[in-house]
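Enquirer: Please find work-v8.txt (compact mmCIF, C-alpha atoms) on the next line:
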# COMPACT_ATOMS: atom_id res chain seq x y z
CA MET H 1 14.53 16.88 23.69
CA THR H 2 10.85 17.43 22.96
CA ASP H 3 8.00 16.20 25.17
CA ALA H 4 7.29 13.49 22.61
CA GLN H 5 10.90 12.36 22.71
CA GLU H 6 10.88 12.20 26.52
CA THR H 7 7.62 10.25 26.50
CA ALA H 8 8.80 7.86 23.81
CA ALA H 9 12.16 7.30 25.43
CA ASP H 10 10.74 5.68 28.58
CA VAL H 11 7.69 3.98 27.02
CA SER H 12 7.37 0.22 27.60
CA LEU H 13 5.21 -1.78 25.22
CA ARG H 14 1.95 -3.36 26.30
CA THR H 15 2.19 -7.13 26.18
CA THR H 16 -1.42 -7.79 25.19
CA GLY H 17 -1.18 -6.23 21.78
CA GLY H 18 2.30 -4.79 21.76
CA GLY H 19 1.25 -1.17 22.12
CA PRO H 20 2.12 1.68 24.48
CA PRO H 21 0.18 1.56 27.80
CA ASP H 22 -1.52 4.58 29.32
CA ASP H 23 -0.18 6.08 32.52
CA GLY H 24 -2.48 4.02 34.72
CA GLY H 25 -1.62 0.76 32.98
CA SER H 26 -3.56 -1.05 30.31
CA SER H 27 -7.33 -1.14 30.61
CA VAL H 28 -7.52 -3.96 28.06
CA ALA H 29 -8.88 -7.25 29.40
CA GLU H 30 -6.20 -9.90 29.85
CA VAL H 31 -8.20 -12.36 27.72
CA PRO H 32 -9.32 -10.72 24.44
CA ILE H 33 -13.01 -11.11 23.60
CA PRO H 34 -13.91 -12.69 20.22
CA LEU H 35 -16.05 -10.36 18.11
CA LEU H 36 -18.43 -12.75 16.35
CA GLU H 37 -21.43 -10.71 15.17
CA PRO H 38 -22.03 -7.09 14.13
CA ARG H 39 -24.08 -5.14 16.69
CA GLU H 40 -27.10 -4.83 14.41
CA GLY H 41 -26.51 -8.09 12.55
CA ILE H 42 -25.32 -8.43 8.96
CA PRO H 43 -26.89 -5.65 6.88
CA PRO H 44 -28.26 -6.43 3.41
CA VAL H 45 -25.93 -5.74 0.50
CA ILE H 46 -26.90 -2.52 -1.30
CA ALA H 47 -27.19 -3.39 -4.99
CA ASP H 48 -29.68 -0.93 -6.54
CA GLU H 49 -30.10 2.82 -6.81
CA ASP H 50 -33.15 3.08 -4.51
CA ALA H 51 -31.41 1.29 -1.66
CA LEU H 52 -28.26 3.34 -2.29
CA ALA H 53 -30.29 6.58 -2.01
CA GLU H 54 -31.54 5.46 1.41
CA VAL H 55 -28.00 4.74 2.56
CA ILE H 56 -26.78 8.13 1.34
CA ALA H 57 -29.57 9.87 3.27
CA ALA H 58 -28.89 7.85 6.42
CA PHE H 59 -25.15 8.48 6.39
CA ALA H 60 -25.58 12.16 5.59
CA ALA H 61 -27.81 12.42 8.66
CA GLY H 62 -25.35 10.48 10.84
CA SER H 63 -22.82 12.10 13.13
CA GLY H 64 -19.11 11.94 13.78
CA PRO H 65 -16.39 10.12 11.83
CA VAL H 66 -17.32 7.47 9.26
CA ALA H 67 -15.48 4.16 9.13
CA VAL H 68 -14.68 3.13 5.54
CA ASP H 69 -13.20 -0.06 4.11
CA ALA H 70 -13.08 -1.72 0.69
CA GLU H 71 -12.52 -5.29 -0.44
CA ARG H 72 -10.67 -6.06 -3.67
CA ALA H 73 -10.03 -9.29 -5.57
CA SER H 74 -6.24 -9.12 -5.74
CA GLY H 75 -4.80 -12.28 -7.24
CA TYR H 76 -8.11 -13.16 -8.90
CA ARG H 77 -9.10 -10.20 -11.11
CA TYR H 78 -7.27 -7.71 -13.29
CA GLY H 79 -6.61 -4.41 -11.58
CA GLN H 80 -7.45 -3.24 -8.08
CA ARG H 81 -11.11 -2.26 -8.32
CA ALA H 82 -13.39 -2.46 -5.28
CA TYR H 83 -15.89 -5.32 -5.09
CA LEU H 84 -17.42 -4.38 -1.74
CA VAL H 85 -17.48 -1.12 0.22
CA GLN H 86 -18.21 -1.10 3.94
CA LEU H 87 -19.16 1.95 5.98
CA ARG H 88 -20.24 2.61 9.55
CA ARG H 89 -21.28 5.85 11.23
CA ALA H 90 -23.04 6.80 14.44
CA GLY H 91 -26.73 7.25 13.74
CA ALA H 92 -26.54 5.33 10.45
CA GLY H 93 -25.21 1.90 11.44
CA THR H 94 -23.29 -0.28 8.99
CA ALA H 95 -23.77 -0.43 5.22
CA LEU H 96 -22.38 -2.95 2.74
CA ILE H 97 -22.43 -1.67 -0.85
CA ASP H 98 -21.85 -3.63 -4.05
CA PRO H 99 -19.86 -1.26 -6.34
CA VAL H 100 -20.36 -3.63 -9.28
CA ALA H 101 -24.12 -3.10 -9.14
CA CYS H 102 -23.70 0.54 -8.01
CA PRO H 103 -20.53 1.69 -9.80
CA ASP H 104 -21.05 5.42 -9.15
CA LEU H 105 -20.81 6.25 -5.45
CA SER H 106 -20.00 9.92 -5.98
CA GLY H 107 -23.31 10.87 -4.35
CA LEU H 108 -22.28 9.03 -1.20
CA GLY H 109 -18.84 10.59 -1.37
CA GLU H 110 -20.37 14.06 -1.58
CA ALA H 111 -22.72 13.34 1.34
CA LEU H 112 -19.68 12.43 3.46
CA SER H 113 -17.38 15.15 2.15
CA GLY H 114 -17.40 17.11 5.40
CA ALA H 115 -16.86 14.11 7.64
CA GLU H 116 -13.60 12.60 8.78
CA TRP H 117 -13.10 9.19 7.13
CA VAL H 118 -11.46 6.50 9.24
CA LEU H 119 -9.52 3.93 7.23
CA HIS H 120 -6.92 1.32 8.08
CA ALA H 121 -3.93 1.55 5.70
CA ALA H 122 -5.66 4.29 3.73
CA THR H 123 -3.26 4.34 0.78
CA GLN H 124 -4.29 0.78 -0.11
CA ASP H 125 -8.01 1.58 -0.37
CA LEU H 126 -8.04 5.18 -1.62
CA PRO H 127 -7.21 4.35 -5.28
CA CYS H 128 -10.14 1.93 -5.68
CA LEU H 129 -12.46 4.27 -3.74
CA ARG H 130 -11.43 7.15 -5.99
CA GLU H 131 -12.44 5.11 -9.05
CA ILE H 132 -16.05 4.93 -7.79
CA GLY H 133 -16.30 8.57 -6.78
CA MET H 134 -15.40 8.41 -3.08
CA ILE H 135 -12.68 10.91 -2.20
CA PRO H 136 -12.23 12.08 1.42
CA SER H 137 -11.27 15.63 2.31
CA ARG H 138 -10.21 14.57 5.83
CA LEU H 139 -9.11 11.17 7.10
CA PHE H 140 -7.65 9.31 10.05
CA ASP H 141 -5.48 6.30 9.20
CA THR H 142 -5.46 3.84 12.12
CA GLU H 143 -2.54 1.84 10.74
CA LEU H 144 -0.36 4.92 10.31
CA ALA H 145 -1.47 6.18 13.73
CA GLY H 146 -0.30 2.88 15.19
CA ARG H 147 3.09 3.23 13.51
CA ILE H 148 3.60 6.76 14.79
CA ALA H 149 2.49 5.71 18.28
CA GLY H 150 5.06 2.93 18.32
CA PHE H 151 2.97 -0.23 17.96
CA PRO H 152 5.16 -3.03 16.54
CA ARG H 153 2.12 -4.85 15.06
CA VAL H 154 -0.20 -2.56 13.12
CA GLY H 155 -2.51 -4.95 11.26
CA LEU H 156 -6.16 -4.24 11.98
CA GLY H 157 -6.64 -7.45 13.95
CA ALA H 158 -3.56 -6.84 16.10
CA MET H 159 -4.55 -3.21 16.73
CA VAL H 160 -8.14 -4.03 17.69
CA GLU H 161 -6.94 -6.76 20.02
CA GLY H 162 -4.13 -4.77 21.59
CA VAL H 163 -5.97 -1.48 21.99
CA LEU H 164 -9.62 -2.47 22.44
CA GLY H 165 -9.37 -6.05 23.68
CA PHE H 166 -11.43 -7.71 20.93
CA VAL H 167 -10.42 -10.44 18.49
CA LEU H 168 -11.49 -10.04 14.85
CA GLU H 169 -11.96 -13.10 12.67
CA LYS H 170 -9.57 -12.63 9.72
CA GLY H 171 -10.10 -15.82 7.72
CA HIS H 172 -11.60 -14.17 4.63
CA SER H 173 -9.11 -11.40 3.89
CA ALA H 174 -7.68 -13.08 0.76
CA VAL H 175 -10.85 -14.53 -0.79
CA ASP H 176 -12.19 -13.68 -4.25
CA TRP H 177 -14.45 -10.72 -3.46
CA SER H 178 -15.71 -10.64 -7.05
CA THR H 179 -17.77 -13.75 -6.19
CA ARG H 180 -21.53 -13.23 -6.50
CA PRO H 181 -23.52 -13.69 -4.39
CA LEU H 182 -21.11 -13.09 -1.54
CA PRO H 183 -21.36 -15.83 1.12
CA GLU H 184 -22.80 -14.81 4.49
CA PRO H 185 -19.55 -15.53 6.45
CA TRP H 186 -17.69 -13.16 4.14
CA LEU H 187 -20.30 -10.44 4.67
CA ARG H 188 -20.08 -10.92 8.44
CA TYR H 189 -16.30 -10.53 8.23
CA ALA H 190 -16.68 -7.40 6.09
CA ALA H 191 -19.17 -5.79 8.49
CA LEU H 192 -16.95 -6.55 11.49
CA ASP H 193 -14.00 -4.84 9.79
CA VAL H 194 -15.69 -1.44 10.29
CA GLU H 195 -17.48 -2.32 13.54
CA LEU H 196 -14.78 -0.96 15.86
CA LEU H 197 -12.80 1.27 13.50
CA VAL H 198 -14.08 4.54 15.01
CA ASP H 199 -13.52 3.18 18.54
CA LEU H 200 -9.95 2.34 17.52
CA ARG H 201 -9.53 5.81 16.06
CA ASP H 202 -10.66 7.45 19.32
CA ALA H 203 -8.31 5.33 21.44
CA LEU H 204 -5.35 6.01 19.15
CA GLU H 205 -6.05 9.74 19.14
CA LYS H 206 -5.80 9.73 22.94
CA GLU H 207 -2.59 7.70 22.84
CA LEU H 208 -1.01 9.99 20.25
CA ASP H 209 -2.02 13.03 22.29
CA ARG H 210 -0.51 11.45 25.42
CA GLN H 211 2.79 10.95 23.58
CA GLY H 212 2.77 14.46 22.12
CA LYS H 213 2.52 13.06 18.59
CA LEU H 214 -1.07 13.88 17.65
CA GLU H 215 -0.14 16.91 15.57
CA TRP H 216 2.46 14.82 13.73
CA ALA H 217 -0.17 12.24 12.83
CA LEU H 218 -2.65 14.89 11.70
CA GLN H 219 -0.04 16.33 9.34
CA GLU H 220 0.51 12.85 7.89
CA PHE H 221 -3.23 12.30 7.41
CA ASP H 222 -3.58 15.68 5.68
CA ALA H 223 -0.73 14.77 3.34
CA ILE H 224 -2.47 11.51 2.36
CA ALA H 225 -5.84 13.19 1.82
CA SER H 226 -4.38 15.98 -0.32
CA ALA H 227 -2.00 13.82 -2.37
CA PRO H 228 -2.83 13.63 -6.10
CA PRO H 229 -3.35 10.23 -7.73
CA PRO H 230 0.00 8.54 -8.38
CA GLU H 231 1.46 8.78 -11.85
CA PRO H 232 1.30 5.58 -13.93
CA ARG H 233 4.42 3.51 -13.35
CA LYS H 234 6.99 3.77 -16.15
CA ASP H 235 8.02 0.45 -17.68
CA PRO H 236 5.94 -1.69 -15.30
CA TRP H 237 7.31 -4.83 -16.98
CA ARG H 238 10.62 -4.18 -15.24
CA ARG H 239 8.98 -5.21 -11.96
CA THR H 240 8.65 -8.81 -13.15
CA SER H 241 9.75 -11.07 -10.33
CA GLY H 242 13.16 -12.61 -11.06
CA MET H 243 14.32 -9.78 -13.34
CA HIS H 244 17.71 -9.75 -11.61
CA LYS H 245 18.58 -12.90 -13.61
CA VAL H 246 18.00 -11.15 -16.95
CA ARG H 247 21.15 -9.37 -18.11
CA ARG H 248 21.20 -9.05 -21.91
CA ARG H 249 19.14 -6.47 -23.79
CA ARG H 250 17.61 -9.07 -26.12
CA GLN H 251 16.44 -11.01 -23.09
CA LEU H 252 14.98 -7.84 -21.61
CA ALA H 253 13.02 -7.38 -24.84
CA VAL H 254 11.55 -10.87 -24.43
CA VAL H 255 10.41 -10.01 -20.89
CA ARG H 256 8.80 -6.81 -22.17
CA GLU H 257 6.99 -8.50 -25.08
CA LEU H 258 5.72 -11.40 -22.97
CA TRP H 259 4.69 -9.10 -20.11
CA GLU H 260 2.74 -6.79 -22.43
CA ALA H 261 1.07 -9.72 -24.23
CA ARG H 262 0.10 -11.23 -20.88
CA ASP H 263 -1.25 -7.90 -19.66
CA ARG H 264 -3.49 -7.48 -22.72
CA ILE H 265 -4.91 -10.98 -22.29
CA ALA H 266 -5.43 -10.56 -18.53
CA GLN H 267 -7.20 -7.24 -19.04
CA ARG H 268 -9.45 -8.70 -21.72
CA ARG H 269 -10.34 -11.72 -19.59
CA ASP H 270 -10.46 -9.72 -16.32
CA VAL H 271 -8.18 -12.11 -14.47
CA SER H 272 -4.99 -11.63 -12.53
CA PRO H 273 -1.98 -11.59 -14.91
CA GLY H 274 -0.33 -14.30 -12.82
CA LYS H 275 -3.17 -16.65 -13.72
CA VAL H 276 -2.43 -16.15 -17.42
CA LEU H 277 1.34 -16.67 -17.27
CA SER H 278 3.66 -16.66 -14.27
CA ASP H 279 6.55 -14.26 -13.84
CA ALA H 280 8.84 -17.28 -13.49
CA ALA H 281 7.77 -18.53 -16.93
CA ILE H 282 8.42 -15.11 -18.49
CA VAL H 283 11.94 -15.02 -17.06
CA GLU H 284 12.56 -18.64 -18.11
CA ALA H 285 11.65 -17.81 -21.72
CA ALA H 286 13.79 -14.67 -21.68
CA LEU H 287 16.84 -16.59 -20.55
CA ALA H 288 16.31 -19.44 -23.03
CA LEU H 289 15.31 -17.36 -26.09
CA PRO H 290 13.43 -20.35 -27.62
CA VAL H 291 13.46 -20.47 -31.41
CA ASN H 292 10.15 -22.31 -31.85
CA VAL H 293 7.04 -23.61 -30.06
CA HIS H 294 8.66 -26.98 -29.32
CA ALA H 295 11.58 -25.34 -27.54
CA LEU H 296 9.17 -23.07 -25.63
CA ALA H 297 7.00 -26.01 -24.53
CA ALA H 298 10.03 -27.66 -22.95
CA LEU H 299 10.51 -24.76 -20.54
CA ASN H 300 9.12 -24.57 -17.00
CA GLY H 301 5.79 -22.76 -17.01
CA PHE H 302 4.92 -23.80 -20.57
CA GLY H 303 4.22 -27.46 -19.93
CA HIS H 304 1.51 -29.90 -21.01
CA ARG H 305 -1.32 -27.73 -19.63
CA THR H 306 -0.50 -24.96 -22.08
CA GLY H 307 -2.55 -25.36 -25.27
CA ARG H 308 -1.08 -25.13 -28.77
CA ARG H 309 -2.78 -21.80 -29.43
CA GLN H 310 -1.43 -20.32 -26.20
CA LEU H 311 2.07 -21.56 -26.95
CA GLU H 312 1.91 -19.93 -30.36
CA GLN H 313 0.89 -16.55 -28.92
CA TRP H 314 3.77 -16.67 -26.40
CA GLN H 315 6.22 -17.75 -29.09
CA ALA H 316 5.01 -14.88 -31.28
CA ALA H 317 5.94 -12.48 -28.46
CA VAL H 318 9.39 -14.07 -28.20
CA ASP H 319 9.80 -13.83 -31.98
CA ARG H 320 8.91 -10.13 -31.92
CA ALA H 321 11.68 -9.54 -29.38
CA ARG H 322 14.16 -11.63 -31.41
CA ALA H 323 13.41 -9.58 -34.52
CA LEU H 324 13.89 -6.14 -32.97
CA PRO H 325 16.82 -4.09 -34.27
CA GLU H 326 19.51 -3.26 -31.71
CA ALA H 327 18.41 0.37 -31.46
CA GLN H 328 14.96 -0.65 -30.21
CA LEU H 329 16.12 -3.02 -27.49
CA PRO H 330 15.50 -1.82 -23.91
CA GLN H 331 18.43 -0.61 -21.89
CA PRO H 332 19.45 -2.57 -18.80
CA GLY H 333 18.24 -0.79 -15.69
CA GLN H 334 15.74 2.02 -15.40
CA SER H 335 16.52 5.68 -15.88
CA VAL H 336 17.17 7.10 -12.44
CA THR H 337 16.34 10.72 -11.64
CA GLY H 338 17.71 10.68 -8.11
CA PRO H 339 20.99 9.50 -6.62
CA PRO H 340 22.58 6.20 -7.67
CA PRO H 341 22.06 3.06 -5.56
CA PRO H 342 23.85 3.48 -2.20
CA ARG H 343 26.08 0.45 -2.89
CA ALA H 344 27.76 2.48 -5.65
CA TRP H 345 28.41 5.57 -3.53
CA ALA H 346 31.75 4.45 -2.10
CA ASP H 347 33.22 4.33 -5.60
CA LYS H 348 31.43 7.32 -7.11
CA ASP H 349 31.64 9.74 -4.16
CA PRO H 350 33.29 8.51 -0.94
CA ALA H 351 32.42 11.75 0.88
CA ALA H 352 28.72 11.28 0.05
CA ALA H 353 28.94 7.67 1.25
CA ALA H 354 30.36 8.87 4.56
CA ARG H 355 27.59 11.46 4.89
CA LEU H 356 24.94 8.81 4.20
CA SER H 357 26.41 6.42 6.76
CA ALA H 358 26.41 9.12 9.44
CA ALA H 359 22.91 10.30 8.50
CA ARG H 360 21.45 6.80 8.55
CA ALA H 361 22.89 6.11 11.99
CA ALA H 362 21.60 9.43 13.35
CA VAL H 363 18.09 8.99 11.90
CA SER H 364 17.93 5.42 13.17
CA ALA H 365 18.88 6.53 16.69
CA LEU H 366 16.28 9.31 16.61
CA ALA H 367 13.57 6.96 15.39
CA GLU H 368 14.37 4.57 18.24
CA THR H 369 14.16 7.44 20.72
CA LEU H 370 10.80 8.51 19.32
CA ASN H 371 9.59 4.90 19.27
CA MET H 372 8.49 4.80 15.64
CA PRO H 373 9.66 3.15 12.41
CA GLN H 374 12.52 4.98 10.73
CA GLU H 375 10.62 5.22 7.41
CA ASN H 376 7.75 7.05 9.13
CA LEU H 377 10.12 9.54 10.69
CA ILE H 378 11.61 10.41 7.29
CA THR H 379 11.70 8.45 4.04
CA PRO H 380 15.04 6.78 3.22
CA ASP H 381 14.87 8.32 -0.27
CA THR H 382 14.75 11.83 1.24
CA VAL H 383 17.81 11.11 3.38
CA ARG H 384 19.70 9.76 0.35
CA ARG H 385 18.89 12.80 -1.77
CA VAL H 386 19.99 15.27 0.89
CA CYS H 387 23.22 13.34 1.48
CA TRP H 388 24.02 13.00 -2.23
CA GLU H 389 23.51 16.71 -2.95
CA PRO H 390 23.67 18.57 0.37
CA PRO H 391 23.10 22.33 0.51
CA GLY H 392 26.13 24.45 -0.33
CA VAL H 393 26.11 25.84 3.18
CA VAL H 394 24.91 23.32 5.73
CA SER H 395 22.65 24.98 8.28
CA ALA H 396 19.34 24.29 10.00
CA GLU H 397 17.61 26.60 7.53
CA SER H 398 19.17 25.13 4.37
CA VAL H 399 18.68 21.50 5.43
CA GLY H 400 15.11 22.20 6.54
CA THR H 401 14.38 23.83 3.20
CA ALA H 402 15.85 20.83 1.35
CA LEU H 403 13.75 18.38 3.38
CA ALA H 404 10.57 20.36 2.76
CA GLY H 405 11.41 20.46 -0.95
CA TYR H 406 11.43 16.67 -1.01
CA GLY H 407 7.99 16.53 0.60
CA ALA H 408 8.82 16.19 4.30
CA ARG H 409 6.09 17.46 6.60
CA ALA H 410 6.72 20.30 9.07
CA TRP H 411 7.01 17.94 12.06
CA GLN H 412 9.54 15.79 10.19
CA VAL H 413 11.61 18.84 9.29
CA GLU H 414 11.58 19.93 12.93
CA GLN H 415 12.65 16.55 14.28
CA VAL H 416 15.15 15.45 11.62
CA THR H 417 16.92 18.69 10.72
CA PRO H 418 19.19 18.85 13.81
CA VAL H 419 20.53 15.30 13.39
CA LEU H 420 21.04 15.73 9.63
CA VAL H 421 22.87 19.01 10.13
CA ALA H 422 25.24 17.25 12.53
CA ALA H 423 25.73 14.31 10.17
CA LEU H 424 26.33 16.49 7.10
CA SER H 425 28.70 18.76 9.00
CA ALA H 426 30.73 15.85 10.34
In structure tokens, how does this file's structure come out?
Expert:
Amino acid sequence: MTDAQETAADVSLRTTGGGPPDDGGSSVAEVPIPLLEPREGIPPVIADEDALAEVIAAFAAGSGPVAVDAERASGYRYGQRAYLVQLRRAGAGTALIDPVACPDLSGLGEALSGAEWVLHAATQDLPCLREIGMIPSRLFDTELAGRIAGFPRVGLGAMVEGVLGFVLEKGHSAVDWSTRPLPEPWLRYAALDVELLVDLRDALEKELDRQGKLEWALQEFDAIASAPPPEPRKDPWRRTSGMHKVRRRRQLAVVRELWEARDRIAQRRDVSPGKVLSDAAIVEAALALPVNVHALAALNGFGHRTGRRQLEQWQAAVDRARALPEAQLPQPGQSVTGPPPPRAWADKDPAAAARLSAARAAVSALAETLNMPQENLITPDTVRRVCWEPPGVVSAESVGTALAGYGARAWQVEQVTPVLVAALSA
């Protein structure tokens, strides 16, 4: 058993925020302190090139890690672009930048290229930051650090409260950040989101080091920073909520046509697709296959609020699907490159199903010993792939090579290989 395993095995969770205590007990105050105002007050929103140049100079001259956050307008606007960027760095203070008024922040990104960026749930913000020219070369993800350290609640508010003893006001997380001008309470909330991010990073680094997991976390952060942008999703219409009800190929074609029509309209109007037409309405139309506008209008989601012109455009999409020749209808299910769904293993390959059952149990037990979520120890997809097509000769070397080939980091290979070798051999 490694040092990290021994430490994790006897760790008890702090009651204040649900995190691991240090050896001398928690130093967090029993009653968390509300964090109501940024230290230097709410900074002005940067919305022109001259002000942006001053911010770039100030942050380039700052020292240490830089806290970075971004606010999107999910559920209100099309896409996932950033509508506010928040930064904080020692020697520079806090900056709030409007990326609508200043859409090219590559100069700021370059000025911070040598610094470590501190983000919470980095994979959520990196795509929209990349769009405006901000790409970190090094990062520290406080949410992922919390997962690896064994915190059961890893939201920013829970982490700040449990680790640092402060309460963040979280009432504006789901507002429409495309609103202009942004209300002062929203700006206060945004500034406070980066106020303690570096402090949280420092405390989590110490905790990870205490548990012997710091190197593991650093490998994870490097993997996030070096990962290429994700490939565009194939057949995104298949992710329509309620698709499990749609069985026939003609019905699938209706979903596809309505989804694509909705997407074009939402993109043109810059609104969330769900505000144009709900997923439930798309599925309803697919199941009913209405033959005309009157039949469509009778369905849920196409009621009296839907204008005649809108009904006609949705019916046109249904008609296009109805007119498609059989050869052009979509196939049920997506093409799968990896193993089949685990529920089918018992019939297709009972030996593989037995391997997967043993491997899952072993990985779950190891994750519990290490006090971290199973999916952060090793991805379930990696375990499935190794169990479906194990190496010809099962050994520590061959299993380790297979894990690395599926993208597992060195620390994951080291921890997981022994239990997978045992499971595959059994």
Enquirer: Show me, as a list of chain:residue names, the residues that have an atom within 9 Å of Pro290 (chain H) when counting all atoms listed in the file, minus same-chain residues fewer than 4 positions from it.
Expert: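 The residues satisfying every condition are H:Ala285, H:Ala286, H:His294, H:Ala295, H:Leu296, H:Leu299, H:Gln315, H:Val318, H:Asp319.
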Enquirer: List the neighbours of Asp222 (chain H) out to 9 Å using all atoms listed in the file; skip same-chain residues closer than 6 positions along the sequence, and give me the result as a PDB file with C-alpha atoms, in the frame of the given file.
Expert:
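Output contents, as saved in around_34.pdb:
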ATOM      1  CA  SER H 137     -11.270  15.630   2.310  1.00  0.00           C
ATOM      2  CA  ARG H 138     -10.210  14.570   5.830  1.00  0.00           C
ATOM      3  CA  LEU H 139      -9.110  11.170   7.100  1.00  0.00           C
ATOM      4  CA  PHE H 140      -7.650   9.310  10.050  1.00  0.00           C
TER       5      PHE H 140
END
Enquirer: Identify which of the residues H:Arg72, H:Lys206, H:Arg268, H:Arg256 lies closest to Ala174 (chain H), counting only C-alpha atoms when measuring atom-to-atom distances.
Expert: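 Once distances to Ala174 (chain H) are computed over only C-alpha atoms, the minimum belongs to H:Arg72.
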Enquirer: Which one is closest to Ser178 (chain H): H:Ala281, H:Val271, H:Ala57, H:Val118? Count only C-alpha atoms.
Expert: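 Distance minimum relative to Ser178 (chain H) lands on H:Val271.
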Enquirer: Mind pulling up the distance from CA of Thr123 (chain H) to CA of Ile42 (chain H)?
Expert: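 The value is 26.8 Å.
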Enquirer: Leaving out region 340-356 of chain H and any residue of its chain fewer than 5 positions from it, which residues lie within 12 Å of it when counting all atoms listed in the file, given as a tab-separated table (two decimals) with C-alpha atoms, in the coordinates of the input?
Expert:
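Listing of out-v3.tsv after writing:
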chain	number	residue	atom	x	y	z
H	333	GLY	CA	18.24	-0.79	-15.69
H	334	GLN	CA	15.74	2.02	-15.40
H	335	SER	CA	16.52	5.68	-15.88
H	361	ALA	CA	22.89	6.11	11.99
H	362	ALA	CA	21.60	9.43	13.35
H	363	VAL	CA	18.09	8.99	11.90
H	364	SER	CA	17.93	5.42	13.17
H	380	PRO	CA	15.04	6.78	3.22
H	381	ASP	CA	14.87	8.32	-0.27
H	382	THR	CA	14.75	11.83	1.24
H	383	VAL	CA	17.81	11.11	3.38
H	384	ARG	CA	19.70	9.76	0.35
H	385	ARG	CA	18.89	12.80	-1.77
H	386	VAL	CA	19.99	15.27	0.89
H	387	CYS	CA	23.22	13.34	1.48
H	388	TRP	CA	24.02	13.00	-2.23
H	389	GLU	CA	23.51	16.71	-2.95
H	390	PRO	CA	23.67	18.57	0.37
H	419	VAL	CA	20.53	15.30	13.39
H	420	LEU	CA	21.04	15.73	9.63
H	421	VAL	CA	22.87	19.01	10.13
H	422	ALA	CA	25.24	17.25	12.53
H	423	ALA	CA	25.73	14.31	10.17
H	424	LEU	CA	26.33	16.49	7.10
H	425	SER	CA	28.70	18.76	9.00
H	426	ALA	CA	30.73	15.85	10.34
